[in-house]
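Below is one structure; the comments refer to it alone.
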Amino acid sequence: MQKLICSSCQKEFALADKRVVCECGGLLDLEQPLEDLKKLDLKKIFDDRLGSRELPDASGVWRYRELLFPSPDKGRPGGVISRFEGNTRLYHSEKISAEIGSDVFFKHEGENPSASFKDRGMTAAVTAGAGIGCRNFVCASTGNTSASLASYCSHAGLNGIVVIPEGKIAYGKLSQALAFGAKVLQVKGNFDAAMNLVNELGRKFDPDNPGESVYVLNSVNPFRIEGQKTIVLEILQQLNWEAPDWIVLPAGNLGNTSAFGKAISEAFELGLIKKKPRLAAVQATGANPFFKYFESGWKEFAAVEDPETIATAIKIGNPQSYLRARKAIEATDGVVLEASEDEILDAKATIDGAGIGCEPASACSLAGIRQLVKSGAIKKGQKVVGVLTGHLLKDPDATINYHLGKLDGIEAKKANQPVEIEASVDAFFAAIR
Ligand SMILES: [Zn+2]
């Protein structure tokens, strides 16, 4: 039987208990017994589903449903709430591979329906909530999570609610949530006040009356982690179940780091792969509590007050999932790195310039790969996958200001500025030579 275990007090819950967080406020982890799954030919099951045009098989999340909860096979009426998420491309970049001296691939999670990896966790968690009768779904977020929540709730005819702090809001980041039709509530106070409200709504969840309760979709939700595992499963399938040597990913709230560790361990234990790829989680220097925790030999975790980085998707000073993520790094002989603003933006310009493109936080993957090559941890000829978590168009201001040289303190070595010319053929050829 699948069960939920509290990471703080170890109390266990059945899925039928309809819990998102523990009574003590601790995070719940889904524990999946793998014994029964070992009897299945999972590679063949997953590969056979690749040709399907219909849900759930055609979703890049639900294709792997034996390793997820809730599985539509186990009887959610009406099936899954899905936008055919996942199915994102794995690009082999000749240009960047030549620079690095290894085989470098990029898994582009910005190619999901709402343009970030969040859709994978969202389809799992919204399906789980709807499956127990919930109608109201909430998160505190000004970024990619709110866009994804709004999309999935509206798609399924459910109430999506986004809680944000009052005051100065970067509306560019909120445009998707507004457009998809979520109810956006600006609460008095800062982001912590918004988050506290959501946590309180979570504690007040009434399992006997889910329709009137509010289901919390912030990263504390254990089913989001389950959905995000499929990033790794899809990478492995795209590489024909030959594990890469390294998977390098940006790290903010550490949900992906946790999910990746879980997916790698499960895939290894089930015999889907013969070796475990090593994980490298890369933080921005201005928002690096997990990096410092790693550097201290896991002795001391301390939040970063007032985190600051241009990589807004990972601008998080107090990640909730740091214990889960530590497990993932330890289980994969992994490392935690930090990248400066210069390194992030230079890596972004390189990924963009390779015709692939990503939001700033995603570029931490290449910044990390470069560091690992320099330190000798990535060896010549090894196979490396960098994960890009969001689409280039998620943060157009950062991109434009880089290329126009308007970012303070950043040396924009790869700036690609527009050139003004006379409207003549001579001037045209002079300019393109
Ligand atoms: Zn507990």
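All residue names refer to the structure tokens as shown: chains lettered A, B, ... in order, residues numbered from 1 in each chain, ligands numbered from 1 in order.
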Compute the set of protein, DNA and RNA residues whose minimum atom distance to ligand 1 is at most 9 Å, using only C-alpha atoms and all ligand atoms, and state it as a PDB file with C-alpha atoms, in the first residue's frame.
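This went into part-v9.pdb:
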```
ATOM      1  CA  ILE A   5       5.012   9.594   6.068  1.00  0.00           C
ATOM      2  CA  CYS A   6       5.723  12.827   7.946  1.00  0.00           C
ATOM      3  CA  SER A   7       9.336  13.918   7.503  1.00  0.00           C
ATOM      4  CA  SER A   8       9.288  15.620  10.932  1.00  0.00           C
ATOM      5  CA  CYS A   9       7.372  13.342  13.347  1.00  0.00           C
ATOM      6  CA  GLN A  10       7.310  10.117  11.239  1.00  0.00           C
ATOM      7  CA  LYS A  11       3.541   9.759  11.646  1.00  0.00           C
ATOM      8  CA  GLU A  12       1.995   7.676   8.854  1.00  0.00           C
ATOM      9  CA  VAL A  21       0.581  18.159   5.307  1.00  0.00           C
ATOM     10  CA  CYS A  22       0.942  16.479   8.701  1.00  0.00           C
ATOM     11  CA  GLU A  23      -0.981  17.662  11.757  1.00  0.00           C
ATOM     12  CA  CYS A  24       2.372  18.824  13.153  1.00  0.00           C
ATOM     13  CA  GLY A  25       2.910  20.970  10.049  1.00  0.00           C
ATOM     14  CA  GLY A  26       5.655  18.656   8.739  1.00  0.00           C
ATOM     15  CA  LEU A  27       5.993  17.715   5.079  1.00  0.00           C
ATOM     16  CA  LEU A  28       4.629  14.379   3.931  1.00  0.00           C
TER      17      LEU A  28
END
```
Distance table requested - segment 314-428 of chain A against segment 205-220 of chain A, cut-off 12 Å, only C-alpha atoms: one row per qualifying residue with the closest atom pair and its distance in Å to one decimal, ordered by chain and rising residue number, as a Markdown table.
```
| residue | atom | partner | partner_atom | distance |
| --- | --- | --- | --- | --- |
| A:Pro319 | CA | A:Ser219 | CA | 9.5 |
| A:Gln320 | CA | A:Val220 | CA | 7.2 |
| A:Ser321 | CA | A:Val220 | CA | 7.6 |
| A:Tyr322 | CA | A:Val220 | CA | 11.4 |
| A:Arg324 | CA | A:Val220 | CA | 11.0 |
```
Show me, as JSON lines, the residues of segment 215-283 of chain A having an atom within 8 Å of segment 37-60 of chain A, each with the closest atom pair and its distance in Å, using only C-alpha atoms.
```
{"residue": "A:Thr230", "atom": "CA", "partner": "A:Gly60", "partner_atom": "CA", "distance": 7.3}
{"residue": "A:Glu234", "atom": "CA", "partner": "A:Gly60", "partner_atom": "CA", "distance": 7.2}
{"residue": "A:Gln237", "atom": "CA", "partner": "A:Asp47", "partner_atom": "CA", "distance": 7.8}
{"residue": "A:Leu270", "atom": "CA", "partner": "A:Lys38", "partner_atom": "CA", "distance": 5.7}
{"residue": "A:Leu272", "atom": "CA", "partner": "A:Lys43", "partner_atom": "CA", "distance": 6.7}
```
Next, write the just-selected residues to a file, as a JSON list (two decimals), in the first residue's frame, keeping N, CA and C atoms as the atom set.
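Wrote it out as out27.json, contents follow:
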```
[["chain", "number", "residue", "atom", "x", "y", "z"],
["A", 230, "THR", "N", 8.81, 12.65, -13.21],
["A", 230, "THR", "CA", 8.75, 12.19, -14.61],
["A", 230, "THR", "C", 9.70, 12.96, -15.51],
["A", 234, "GLU", "N", 11.45, 10.65, -18.15],
["A", 234, "GLU", "CA", 11.39, 10.94, -19.59],
["A", 234, "GLU", "C", 12.80, 11.08, -20.19],
["A", 237, "GLN", "N", 14.06, 7.60, -20.70],
["A", 237, "GLN", "CA", 13.43, 6.94, -21.84],
["A", 237, "GLN", "C", 13.96, 7.52, -23.15],
["A", 270, "LEU", "N", 14.24, -0.52, -9.69],
["A", 270, "LEU", "CA", 13.35, -1.29, -10.56],
["A", 270, "LEU", "C", 14.07, -1.85, -11.78],
["A", 272, "LEU", "N", 15.32, -0.21, -14.31],
["A", 272, "LEU", "CA", 15.15, 0.55, -15.56],
["A", 272, "LEU", "C", 16.50, 1.06, -16.06]]
```
Non-local contacts of Lys274 of chain A (9 Å; only C-alpha atoms; under 4 positions in same chain excluded) as a PyMOL selection string: chain A and resi 241-243+267-268
Could you write out that same residue set with N, CA and C atoms as a PDB file, in the first residue's frame?
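Result saved to again.pdb:
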```pdb
ATOM      1  N   TRP A 241      16.974   4.393 -22.059  1.00  0.00           N
ATOM      2  CA  TRP A 241      17.226   3.780 -20.751  1.00  0.00           C
ATOM      3  C   TRP A 241      18.716   3.561 -20.480  1.00  0.00           C
ATOM      4  N   GLU A 242      19.565   4.386 -21.131  1.00  0.00           N
ATOM      5  CA  GLU A 242      20.996   4.421 -20.799  1.00  0.00           C
ATOM      6  C   GLU A 242      21.204   5.666 -19.951  1.00  0.00           C
ATOM      7  N   ALA A 243      21.470   5.493 -18.684  1.00  0.00           N
ATOM      8  CA  ALA A 243      21.575   6.646 -17.793  1.00  0.00           C
ATOM      9  C   ALA A 243      22.742   7.544 -18.195  1.00  0.00           C
ATOM     10  N   ALA A 267      14.091   4.259 -10.257  1.00  0.00           N
ATOM     11  CA  ALA A 267      14.429   3.682 -11.576  1.00  0.00           C
ATOM     12  C   ALA A 267      15.556   2.662 -11.443  1.00  0.00           C
ATOM     13  N   PHE A 268      16.511   2.971 -10.560  1.00  0.00           N
ATOM     14  CA  PHE A 268      17.631   2.050 -10.355  1.00  0.00           C
ATOM     15  C   PHE A 268      17.157   0.769  -9.671  1.00  0.00           C
TER      16      PHE A 268
END
```
Hey, which of A:Asp192, A:Lys229, A:Lys327, A:Ser258 ends up closest to Glu305 of chain A? Count only C-alpha atoms.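 Using only C-alpha atoms, the shortest distance to Glu305 of chain A belongs to A:Asp192.
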A:Leu178, A:Ala363, A:Ala115, A:Ala415: which is nearest Leu345 of chain A, counting only C-alpha atoms? A:Ala363
Enumerate the residues of segment 194-400 of chain A with a DSSP assignment of alpha helix (DSSP H), computed from the backbone, and present them as a PyMOL selection string. chain A and resi 194-203+222-238+255-269+289-295+322-331+341-353+364-374+396-400
In Å, rounded to a single decimal, give me how far atom CA of Ala339 of chain A is from atom CA of Gly110 of chain A. 20.6 Å
With only C-alpha atoms as the counted atoms, please give the residues lying no more than 8 Å from Met122 of chain A, apart from itself and same-chain residues fewer than 6 positions off, as a VMD selection string. chain A and resid 148 to 149 152 217 224 227
Export, as an mmCIF file, in the first residue's frame, the selected residues with C-alpha atoms.
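File written: selection.cif
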```cif
data_model
loop_
_atom_site.group_PDB
_atom_site.id
_atom_site.type_symbol
_atom_site.label_atom_id
_atom_site.label_comp_id
_atom_site.auth_asym_id
_atom_site.auth_seq_id
_atom_site.Cartn_x
_atom_site.Cartn_y
_atom_site.Cartn_z
ATOM 1 C CA SER A 148 0.434 26.502 -13.948
ATOM 2 C CA LEU A 149 -2.217 26.323 -11.214
ATOM 3 C CA TYR A 152 -4.964 23.462 -14.869
ATOM 4 C CA LEU A 217 -0.766 23.347 -4.213
ATOM 5 C CA ARG A 224 3.751 17.625 -6.990
ATOM 6 C CA GLY A 227 4.725 14.471 -10.977
#
```
To one decimal in Å, tell me the separation between atom CA of Thr145 of chain A and atom CA of Gly202 of chain A.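 Going from atom CA of Thr145 of chain A over to atom CA of Gly202 of chain A covers 17.0 Å.
Taking atom CA of Ser114 of chain A and atom CA of Phe180 of chain A as endpoints, the distance between them is 10.0 Å.
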Got a sec: who's within 7 Å of Leu185 of chain A, counting only C-alpha atoms, leaving out chain neighbours fewer than 4 positions off, as a ChimeraX atom specification? /A:162-164
Deliver the residues from the most recent selection as a file, using N, CA and C atoms, as an mmCIF file, in the first residue's frame.
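again-v2.cif was written with the following content:
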```cif
data_model
loop_
_atom_site.group_PDB
_atom_site.id
_atom_site.type_symbol
_atom_site.label_atom_id
_atom_site.label_comp_id
_atom_site.auth_asym_id
_atom_site.auth_seq_id
_atom_site.Cartn_x
_atom_site.Cartn_y
_atom_site.Cartn_z
ATOM 1 N N VAL A 162 -4.922 32.392 -6.368
ATOM 2 C CA VAL A 162 -3.511 32.730 -6.207
ATOM 3 C C VAL A 162 -3.406 33.831 -5.160
ATOM 4 N N VAL A 163 -2.581 33.598 -4.139
ATOM 5 C CA VAL A 163 -2.406 34.578 -3.072
ATOM 6 C C VAL A 163 -1.031 35.218 -3.233
ATOM 7 N N ILE A 164 -1.014 36.556 -3.282
ATOM 8 C CA ILE A 164 0.254 37.267 -3.463
ATOM 9 C C ILE A 164 0.330 38.404 -2.448
#
```
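The list of residues with at least one atom within 6 Å of Cys358 of chain A, based on only C-alpha atoms and without residues fewer than 3 positions apart in the same chain, reads A:Gly390, A:His391, A:Leu392.
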